[in-house]
Amino acid sequence: MSQIALFVITWSAILIAVTAAARQMPAEISNRTLYPLLAKPLSRWEFLLGKFVGVNLMCLFSLVVLYAIFLIVAWRAGTMPGWIVAQNFYLRFLSLALLVAMTLFLSLLLTHAANVCLSLLLAIGASTFSTALSLVHDKLSGLQLRLAEALYFTLPHLDLFNLNGKVVHGWEPVAAWVLVYLTLYALGYIAQLLGAAGLLLQRRML
């Protein structure tokens, strides 16, 4: 039951993050509500960061509600998880922040529908690709191997932030250095994605 509940929480949160982030920039541009905001004065970087923070606050609220329901049900069923659930919550939020940054960046390159599809595919396919590459790595060579490795090291590995299995099986909390490493890993990707999105927004003719 806990495994199903955490699976539902994970993908509900991902859908909320992607759909909310994907409509931010296109809606502001198509509805022309961006122009009065930039005339306030408000820089494009500030506008982008505001969107990023706003969507993440929505994701945080959604996670709090979903995890609260999960904990209440687990408590009533007598299967209350340990402190690792708090780490799972924190890492899930980090992964959503990374996903929001990626979706905002792609929203400046793709249509709304294409952005939602690609962002969800990346969220789903990153771990699948990593597993597949480890299985066929020895069979690749030359250009195929270099391309596969380039994708492996370029795409963010959202599966690193998933502690669902450890929560279900009652593992002890992971070491503090793991949380620090994953925090820096997520912040590094977020900084690059928001930086690239900011440059695109600066150069875009509105």
# chains A, B, ... in the order shown; residues from 1 in each chain; ligands from 1

call {"tool": "residues_around", "arguments": {"residues": "Tyr67 of chain A", "least_positions_apart": "4", "cutoff": "8 Å", "atoms": "only C-alpha atoms", "output": "list in words"}}
result
Ile9, Leu63, Leu71 and Phe89 of chain A

call {"tool": "closest_atom_pairs", "arguments": {"of": "segment 49-141 of chain A", "to": "segment 17-29 of chain A", "cutoff": "10 Å", "atoms": "only C-alpha atoms", "output": "Markdown table"}}
result
| residue | atom | partner | partner_atom | distance |
| --- | --- | --- | --- | --- |
| A:Lys51 | CA | A:Gln24 | CA | 7.0 |
| A:Phe52 | CA | A:Ala21 | CA | 7.8 |
| A:Gly54 | CA | A:Ala21 | CA | 9.3 |
| A:Val55 | CA | A:Ala21 | CA | 6.2 |
| A:Asn56 | CA | A:Ala17 | CA | 7.7 |
| A:Met58 | CA | A:Ala17 | CA | 8.1 |
| A:Cys59 | CA | A:Ala17 | CA | 6.1 |
| A:Leu60 | CA | A:Ala17 | CA | 9.7 |
| A:Ser62 | CA | A:Ala17 | CA | 9.5 |
| A:Leu96 | CA | A:Ala17 | CA | 6.4 |
| A:Ala97 | CA | A:Ala17 | CA | 8.2 |
| A:Leu98 | CA | A:Ala17 | CA | 9.9 |
| A:Leu99 | CA | A:Val18 | CA | 7.1 |
| A:Val100 | CA | A:Ala21 | CA | 5.7 |
| A:Ala101 | CA | A:Ala21 | CA | 8.1 |
| A:Met102 | CA | A:Ala21 | CA | 9.0 |
| A:Thr103 | CA | A:Ala22 | CA | 5.8 |
| A:Leu104 | CA | A:Ala21 | CA | 5.8 |
| A:Phe105 | CA | A:Ala22 | CA | 9.1 |
| A:Leu106 | CA | A:Ala22 | CA | 8.1 |
| A:Ser107 | CA | A:Ala22 | CA | 5.9 |
| A:Leu108 | CA | A:Met25 | CA | 7.3 |
| A:Leu110 | CA | A:Pro26 | CA | 9.6 |
| A:Thr111 | CA | A:Pro26 | CA | 8.1 |
| A:His112 | CA | A:Ala22 | CA | 6.2 |
| A:Ala113 | CA | A:Ala22 | CA | 8.5 |
| A:Ala114 | CA | A:Ala22 | CA | 9.6 |
| A:Asn115 | CA | A:Ala22 | CA | 6.5 |
| A:Val116 | CA | A:Ala22 | CA | 6.3 |
| A:Cys117 | CA | A:Val18 | CA | 9.2 |
| A:Leu118 | CA | A:Val18 | CA | 9.9 |
| A:Ser119 | CA | A:Val18 | CA | 6.8 |
| A:Leu120 | CA | A:Val18 | CA | 7.2 |
| A:Ala123 | CA | A:Val18 | CA | 9.5 |

call {"tool": "residues_around", "arguments": {"residues": "Gly198 of chain A", "least_positions_apart": "3", "cutoff": "9 Å", "atoms": "only C-alpha atoms", "output": "list in words"}}
result
Arg44, Trp45, Leu48, Leu49, Phe105, Leu193, Leu194, Gly195, Leu201, Gln202 and Arg203 of chain A
